[in-house]
Amino acid sequence: MSVLTIFTKYHELLSELTWREIKQRYKQSVLGYAWVILNPLFQMLVMAFVFSKIMRMPTLGVPYSIYLYAGLLPWTLFANSLTGAVNSLVGNAGLITKIYFPREVFVASAVLAKIVDFLLATSVFVVFAIYFQTPFTWHLLWILPIFLIQQLFTYALALFLAAANLFYRDVQYVFNLVILIWMYLTPVIYPVELFPDQYRWIFQLNPMAVIVNAYRQVLLAGAEPNYLSLALAASLSLILLTVCFKFFKKVEGVFADIV
Amino acid sequence: MPSLNSVSTISQSELNSEPAIELSHVSKLFRRQKQRTVKELLPALFGGQSAVESFWALNDISLTIQKGETIGIIGPNGSGKSTLLKLIAGVSQPTKGTIKIHGRIAPLIELGAGFHPELTGRENVFLNGVILGMTRAEVEAKFKTIVDFAELWDFIDEPVKHYSSGMYLRLAFSVAVNTNPEILLIDEILAVGDEAFQNKCFNRLKEFKHSGKTIIYVSHNRKSIVEFCTRVVYINKSHLEKTGLPSEVCQYYSETEA
């Protein structure tokens with residue numbers, strides 16, 4: 001049973017459950033999917049006002065609003081994916097106690113469903129990017145591997161959180177706190193350059209910091225990402241995914257007994 | 001127990017004596033943690049209480065179910081019936097003993113679990129069919145049969161939250177029986193729904209039975225068990241108390257219960 005089994009043998013189940021996640025979200029609301037665009041947009045506008053007009057955050061040649069948005073969008077994807085995943089097993093208790101298939105399908109579908117939100121929210125970013133005339137270069141293609149690394153890292157943490165939350169429901173509350181603190185430890189609202197040089201290495205240990213920086217580098221500066229940091233983040237994500245997947249599979253057998 | 005042996009020879013001569021489910025000395029120990037949050041756990045640990053309380057939900061169950069048998073499982077609440085079903089469905093692992101399953105299993109999933117209230121009946125048929133192990137193409141091919149049986153064409157594009165519990169059950173049952181499993185697990189669920197539909201379900205289950213499929217039926221309704229099952233397993237206090245002809249075992253159950 002490998003990490004990829006759900007994408008081969010169980011791909012239809014995975015896509016059905018992912019569609020269920022996506023559909024159920026907009027069915028009950030009037031504006032439906034507009035919310036996933038409006039939410040980060042307003043969040044960005046409020047933050048941009050506070051940090052650029054009141055706090056006077058220095059940035060590097062680009063308007064603060066687009067600088068913030070380039071970091072806020074991937075961060076929101078990360079945080080929302082984990083929020084969805086942490087309850088993905090608890091919320092499917094009825095199925096877990098009745099029928100067997102690999103349980104990581106629930107976690108993966110929760111993570112995959114949020115990509116749709118991310119893509120929709122990104123449309124506003126594209127408008128901003130055109131308006132502010134950010135450079136259009138081949139380096140933009142780096143977005144794809146950066147995104148992939150982010151999703152690997154997210155999936156690894158999601159597997160761990162979803163399983164741990166089945167054993168102790170505290171996990172979801174601790175998670176809410178950790179994700180809030182984590183956002184401030186990641187250069188989402190401030191540029192990493194604000195930090196003194198000798199402390200900046202700390203961000204290398206935080207894959208989300210590396211990922212957010214890499215997005216900004218290729219999107220706003222039209223430059224190539226820091227390969228060393230990115231390679232480090234990729235290796236860390238892969239190692240974490242291997243460990244978390246092993247853990248998940250080890251405890252999977254008792255899910256139906258404890259849920 | 002001579003009566004037990006004679007029953008198993010009857011069923012073996014009647015049927016092609018190929019086992020569908022083999023349980024050998026199966027036991028299940030539950031370590032139930034009383035505390036669900038760390039806030040509850042910490043004082044308990046410091047107070048010297050044990051955090052875990054364990055009990056045998058099933059104790060040394062040996063049972064062979066032949067292909068084509070319709071097994072009824074009876075017993076009081078908390079006797080281990082649902083645990084047994086979970087073990088057979090493969091969602092829970094036995095602590096001791098072995099379980100062998102030959103063939104594809106479809107459980108009849110209870111209300112609310114496999115269906116999503118916001119989605120339409122149509123969407124839920126596909127969702128539930130794929131959950132039960134079909135491909136989308138197979139569900140597509142069976143779609144008409146499923147909705148015909150459930151008699152829900154008028155409501156198939158309505159969200160299922162507007163369904164009555166009977167309609168809900170009809171759709172769930174219809175999907176489950178049309179996934180064409182070799183072994184069907186039914187846990188009490190047929191108690192819902194009007195009598196006409198219950199009869200229809202039982203007729204469908206009888207067809208199932210006659211085509212040589214295996215059915216495991218858990219119920220408190222002894223009348224339906226006696227009418228429908230070929231053999232009954234009585235589970236009491238985690239033990240297999242008695243197995244044999246439906247009328248005999250149900251009679252025994254009624255006597256010991258009182």
# chains A, B, ... in the order shown; residues from 1 in each chain; ligands from 1
>>> residues_around(residues="Lys27 (chain A)", least_positions_apart="4", cutoff="12 Å", atoms="only C-alpha atoms", output="PyMOL selection string")
(chain A and resi 20-23+31-33) or (chain B and resi 116-120+158-159+161)
>>> residues_around(residues="Asp187 (chain B)", least_positions_apart="4", cutoff="12 Å", atoms="only C-alpha atoms", output="list in words")
Lys98 of chain A; Ile71, Gly72, Ile73, Ile74, Lys81, Ser82, Thr83, Leu84, Leu85, Lys86, Ala89, Ala106, Pro107, Leu108, Ile109, Glu110, Leu111, Phe173, Ala191, Val192, Ile215, Ile216, Tyr217, Val218, Ser219, His220 and Asn221 of chain B
>>> write_last_selection(atoms="N, CA and C atoms", output="tab-separated table (two decimals), in the first residue's frame")
chain	number	residue	atom	x	y	z
A	98	LYS	N	-18.45	1.23	8.78
A	98	LYS	CA	-19.26	0.32	7.97
A	98	LYS	C	-18.53	-0.38	6.85
B	71	ILE	N	-27.90	-15.83	7.04
B	71	ILE	CA	-27.66	-15.97	8.48
B	71	ILE	C	-28.32	-14.82	9.23
B	72	GLY	N	-29.10	-15.14	10.22
B	72	GLY	CA	-29.65	-14.12	11.09
B	72	GLY	C	-28.79	-14.05	12.34
B	73	ILE	N	-28.52	-12.86	12.79
B	73	ILE	CA	-27.78	-12.73	14.05
B	73	ILE	C	-28.68	-12.05	15.07
B	74	ILE	N	-28.90	-12.73	16.19
B	74	ILE	CA	-29.73	-12.15	17.24
B	74	ILE	C	-28.96	-12.10	18.55
B	81	LYS	N	-23.07	-8.01	18.57
B	81	LYS	CA	-23.54	-8.23	17.19
B	81	LYS	C	-22.90	-7.25	16.21
B	82	SER	N	-22.91	-5.97	16.59
B	82	SER	CA	-22.37	-4.96	15.68
B	82	SER	C	-20.87	-5.11	15.53
B	83	THR	N	-20.21	-5.51	16.61
B	83	THR	CA	-18.76	-5.75	16.53
B	83	THR	C	-18.47	-6.88	15.55
B	84	LEU	N	-19.28	-7.92	15.63
B	84	LEU	CA	-19.11	-9.04	14.72
B	84	LEU	C	-19.26	-8.58	13.26
B	85	LEU	N	-20.25	-7.75	13.03
B	85	LEU	CA	-20.48	-7.24	11.68
B	85	LEU	C	-19.31	-6.38	11.20
B	86	LYS	N	-18.76	-5.59	12.13
B	86	LYS	CA	-17.61	-4.75	11.78
B	86	LYS	C	-16.41	-5.61	11.41
B	89	ALA	N	-17.04	-7.06	8.02
B	89	ALA	CA	-16.91	-6.01	6.99
B	89	ALA	C	-15.45	-5.60	6.78
B	106	ALA	N	-20.90	-6.02	0.55
B	106	ALA	CA	-21.52	-4.69	0.55
B	106	ALA	C	-22.34	-4.54	1.82
B	107	PRO	N	-22.02	-3.57	2.63
B	107	PRO	CA	-22.85	-3.30	3.79
B	107	PRO	C	-23.98	-2.36	3.39
B	108	LEU	N	-25.12	-2.48	4.03
B	108	LEU	CA	-26.18	-1.53	3.83
B	108	LEU	C	-25.88	-0.39	4.80
B	109	ILE	N	-25.46	0.74	4.26
B	109	ILE	CA	-24.97	1.81	5.12
B	109	ILE	C	-26.14	2.61	5.68
B	110	GLU	N	-26.06	2.85	6.97
B	110	GLU	CA	-27.19	3.46	7.64
B	110	GLU	C	-27.43	4.91	7.18
B	111	LEU	N	-28.60	5.40	7.50
B	111	LEU	CA	-28.98	6.75	7.11
B	111	LEU	C	-27.94	7.76	7.53
B	173	PHE	N	-31.06	1.23	0.08
B	173	PHE	CA	-31.21	-0.20	-0.10
B	173	PHE	C	-31.02	-0.57	-1.57
B	191	ALA	N	-35.89	-1.87	9.50
B	191	ALA	CA	-36.99	-1.52	10.41
B	191	ALA	C	-37.73	-0.28	9.93
B	192	VAL	N	-37.02	0.59	9.18
B	192	VAL	CA	-37.67	1.80	8.65
B	192	VAL	C	-38.40	1.47	7.35
B	215	ILE	N	-26.17	-13.73	2.76
B	215	ILE	CA	-26.72	-12.56	3.44
B	215	ILE	C	-26.52	-12.71	4.94
B	216	ILE	N	-26.09	-11.64	5.56
B	216	ILE	CA	-26.01	-11.63	7.02
B	216	ILE	C	-26.94	-10.53	7.51
B	217	TYR	N	-27.88	-10.94	8.35
B	217	TYR	CA	-28.98	-10.06	8.70
B	217	TYR	C	-29.05	-9.93	10.22
B	218	VAL	N	-28.78	-8.74	10.72
B	218	VAL	CA	-28.85	-8.50	12.16
B	218	VAL	C	-30.17	-7.83	12.46
B	219	SER	N	-30.95	-8.41	13.39
B	219	SER	CA	-32.24	-7.79	13.68
B	219	SER	C	-32.77	-8.20	15.04
B	220	HIS	N	-33.64	-7.35	15.58
B	220	HIS	CA	-34.36	-7.70	16.79
B	220	HIS	C	-35.73	-8.27	16.44
B	221	ASN	N	-36.08	-8.16	15.19
B	221	ASN	CA	-37.39	-8.62	14.75
B	221	ASN	C	-37.34	-10.12	14.47
>>> residues_around(residues="Gly133 (chain B)", least_positions_apart="6", cutoff="10 Å", atoms="only C-alpha atoms", output="number ranges by chain")
A: 10, 12-13, 99-101; B: 104-106, 139, 179, 181
>>> write_last_selection(atoms="N, CA and C atoms", output="PDB file, in the first residue's frame")
ATOM      1  N   TYR A  10      -7.995   3.686  -6.372  1.00  0.00           N
ATOM      2  CA  TYR A  10      -9.181   4.301  -5.771  1.00  0.00           C
ATOM      3  C   TYR A  10      -9.473   5.694  -6.329  1.00  0.00           C
ATOM      4  N   GLU A  12     -11.523   6.810  -8.561  1.00  0.00           N
ATOM      5  CA  GLU A  12     -12.926   7.194  -8.732  1.00  0.00           C
ATOM      6  C   GLU A  12     -13.567   7.561  -7.392  1.00  0.00           C
ATOM      7  N   LEU A  13     -13.234   6.779  -6.382  1.00  0.00           N
ATOM      8  CA  LEU A  13     -13.735   7.076  -5.045  1.00  0.00           C
ATOM      9  C   LEU A  13     -13.196   8.423  -4.575  1.00  0.00           C
ATOM     10  N   ILE A  99     -17.633   0.335   6.208  1.00  0.00           N
ATOM     11  CA  ILE A  99     -17.076  -0.235   4.985  1.00  0.00           C
ATOM     12  C   ILE A  99     -15.587   0.084   4.889  1.00  0.00           C
ATOM     13  N   TYR A 100     -14.840  -0.902   4.380  1.00  0.00           N
ATOM     14  CA  TYR A 100     -13.406  -0.664   4.325  1.00  0.00           C
ATOM     15  C   TYR A 100     -12.951  -0.150   2.962  1.00  0.00           C
ATOM     16  N   PHE A 101     -12.219   0.903   2.950  1.00  0.00           N
ATOM     17  CA  PHE A 101     -11.333   1.299   1.860  1.00  0.00           C
ATOM     18  C   PHE A 101     -10.272   2.165   2.510  1.00  0.00           C
TER      19      PHE A 101
ATOM     20  N   ARG B 104     -16.958 -10.314  -2.556  1.00  0.00           N
ATOM     21  CA  ARG B 104     -17.064  -8.897  -2.282  1.00  0.00           C
ATOM     22  C   ARG B 104     -18.228  -8.619  -1.339  1.00  0.00           C
ATOM     23  N   ILE B 105     -17.978  -7.793  -0.353  1.00  0.00           N
ATOM     24  CA  ILE B 105     -18.976  -7.489   0.664  1.00  0.00           C
ATOM     25  C   ILE B 105     -19.582  -6.124   0.417  1.00  0.00           C
ATOM     26  N   ALA B 106     -20.903  -6.015   0.549  1.00  0.00           N
ATOM     27  CA  ALA B 106     -21.524  -4.692   0.550  1.00  0.00           C
ATOM     28  C   ALA B 106     -22.343  -4.537   1.817  1.00  0.00           C
ATOM     29  N   VAL B 139     -22.190   2.283 -12.174  1.00  0.00           N
ATOM     30  CA  VAL B 139     -23.359   2.951 -11.584  1.00  0.00           C
ATOM     31  C   VAL B 139     -24.249   3.493 -12.704  1.00  0.00           C
ATOM     32  N   THR B 179     -25.334  -3.163  -6.238  1.00  0.00           N
ATOM     33  CA  THR B 179     -23.886  -3.202  -6.439  1.00  0.00           C
ATOM     34  C   THR B 179     -23.454  -4.630  -6.726  1.00  0.00           C
ATOM     35  N   PRO B 181     -23.124  -7.460  -4.796  1.00  0.00           N
ATOM     36  CA  PRO B 181     -22.092  -8.046  -3.946  1.00  0.00           C
ATOM     37  C   PRO B 181     -22.321  -9.547  -3.795  1.00  0.00           C
TER      38      PRO B 181
END
>>> interface_residues(of="chain A", to="chain B", cutoff="8 Å", atoms="only C-alpha atoms", output="JSON, numbers by chain")
{"A": [12, 13, 16, 17, 20, 23, 24, 27, 28, 92, 93, 94, 95, 96, 97, 98, 99, 100, 167, 168, 169, 170, 253, 254, 255, 256, 257, 258]}
>>> residues_around(residues="Pro74 (chain A)", least_positions_apart="6", cutoff="9 Å", atoms="only C-alpha atoms", output="ChimeraX atom specification")
/A:118,147,150,208,211-212,215
>>> closest_residue(among="A:Asn206, A:Ser237, A:Thr83, A:Gln198", to="Tyr184 (chain A)", atoms="only C-alpha atoms")
A:Asn206
>>> residues_around(residues="Phe143 (chain B)", least_positions_apart="2", cutoff="9 Å", atoms="only C-alpha atoms", output="MDAnalysis selection string")
chainID B and resid 122 125:126 138:141 145:148 175
>>> write_last_selection(atoms="N, CA and C atoms", output="compact mmCIF listing (two decimals), in the first residue's frame")
# COMPACT_ATOMS: atom_id res chain seq x y z
N ARG B 122 -29.74 11.77 -7.33
CA ARG B 122 -28.88 11.30 -8.42
C ARG B 122 -27.40 11.33 -8.01
N VAL B 125 -26.62 8.65 -5.51
CA VAL B 125 -26.55 7.29 -6.05
C VAL B 125 -25.13 7.02 -6.54
N PHE B 126 -24.57 7.99 -7.26
CA PHE B 126 -23.20 7.82 -7.77
C PHE B 126 -22.20 7.77 -6.62
N GLU B 138 -20.19 1.63 -13.99
CA GLU B 138 -21.10 0.58 -13.52
C GLU B 138 -22.36 1.20 -12.91
N VAL B 139 -22.19 2.28 -12.17
CA VAL B 139 -23.36 2.95 -11.58
C VAL B 139 -24.25 3.49 -12.70
N GLU B 140 -23.61 4.11 -13.69
CA GLU B 140 -24.33 4.63 -14.85
C GLU B 140 -25.21 3.54 -15.47
N ALA B 141 -24.60 2.36 -15.65
CA ALA B 141 -25.30 1.24 -16.29
C ALA B 141 -26.47 0.75 -15.43
N THR B 145 -32.12 0.83 -13.12
CA THR B 145 -32.57 -0.24 -12.24
C THR B 145 -32.69 0.25 -10.80
N ILE B 146 -31.67 1.01 -10.38
CA ILE B 146 -31.64 1.48 -8.99
C ILE B 146 -32.82 2.40 -8.71
N VAL B 147 -33.05 3.37 -9.58
CA VAL B 147 -34.12 4.34 -9.34
C VAL B 147 -35.49 3.68 -9.54
N ASP B 148 -35.59 2.77 -10.52
CA ASP B 148 -36.84 2.03 -10.70
C ASP B 148 -37.23 1.31 -9.42
N VAL B 175 -29.40 1.00 -3.92
CA VAL B 175 -28.00 1.08 -4.36
C VAL B 175 -27.24 -0.15 -3.87
>>> select_by_dssp(residues="region 12-168 of chain A", states="helix (DSSP H, G or I)", output="ChimeraX atom specification")
/A:12-27,34-54,64-86,90-96,104-131,138-167
>>> atom_distance(atom1="CA of Lys242 (chain B)", atom2="CA of Glu207 (chain B)")
27.5 Å
>>> atom_distance(atom1="CA of Lys67 (chain B)", atom2="CA of Ala137 (chain B)")
27.9 Å
>>> residues_around(residues="Leu148 (chain A)", least_positions_apart="3", cutoff="12 Å", atoms="only C-alpha atoms", output="list in words")
Pro74, Leu112, Ile115, Trp142, Ile143, Leu144, Pro145, Gln151, Leu152, Phe153, Thr154, Tyr155, Ile211, Tyr215, Leu230, Ala233, Ala234, Ser237 and Leu238 of chain A
>>> residues_around(residues="Leu157 (chain A)", least_positions_apart="2", cutoff="8 Å", atoms="only C-alpha atoms", output="list in words")
Leu82, Phe153, Thr154, Tyr155, Leu159, Phe160, Leu161, Leu240, Leu241 and Cys244 of chain A
>>> select_by_dssp(residues="region 123-224 of chain B", states="strand (DSSP E or B)", output="PyMOL selection string")
chain B and resi 159+183-187+214-218
>>> write_last_selection(atoms="C-alpha atoms", output="tab-separated table (two decimals), in the first residue's frame")
chain	number	residue	atom	x	y	z
B	159	PRO	CA	-31.60	17.16	-2.46
B	183	ILE	CA	-22.09	-11.00	0.58
B	184	LEU	CA	-24.64	-8.49	1.85
B	185	LEU	CA	-24.55	-7.15	5.41
B	186	ILE	CA	-27.78	-5.77	6.81
B	187	ASP	CA	-27.80	-4.20	10.23
B	214	THR	CA	-24.76	-14.84	1.15
B	215	ILE	CA	-26.72	-12.56	3.44
B	216	ILE	CA	-26.01	-11.63	7.02
B	217	TYR	CA	-28.98	-10.06	8.70
B	218	VAL	CA	-28.85	-8.50	12.16
>>> atom_distance(atom1="CA of Asp194 (chain B)", atom2="CA of Ser254 (chain B)")
26.6 Å
>>> closest_residue(among="A:Pro135, A:Pro191, A:Pro40, A:Pro225", to="Asn80 (chain A)", atoms="only C-alpha atoms")
A:Pro40
>>> closest_residue(among="B:His210, B:Lys144, B:His162, B:Lys28", to="Lys96 (chain B)", atoms="only C-alpha atoms")
B:Lys28
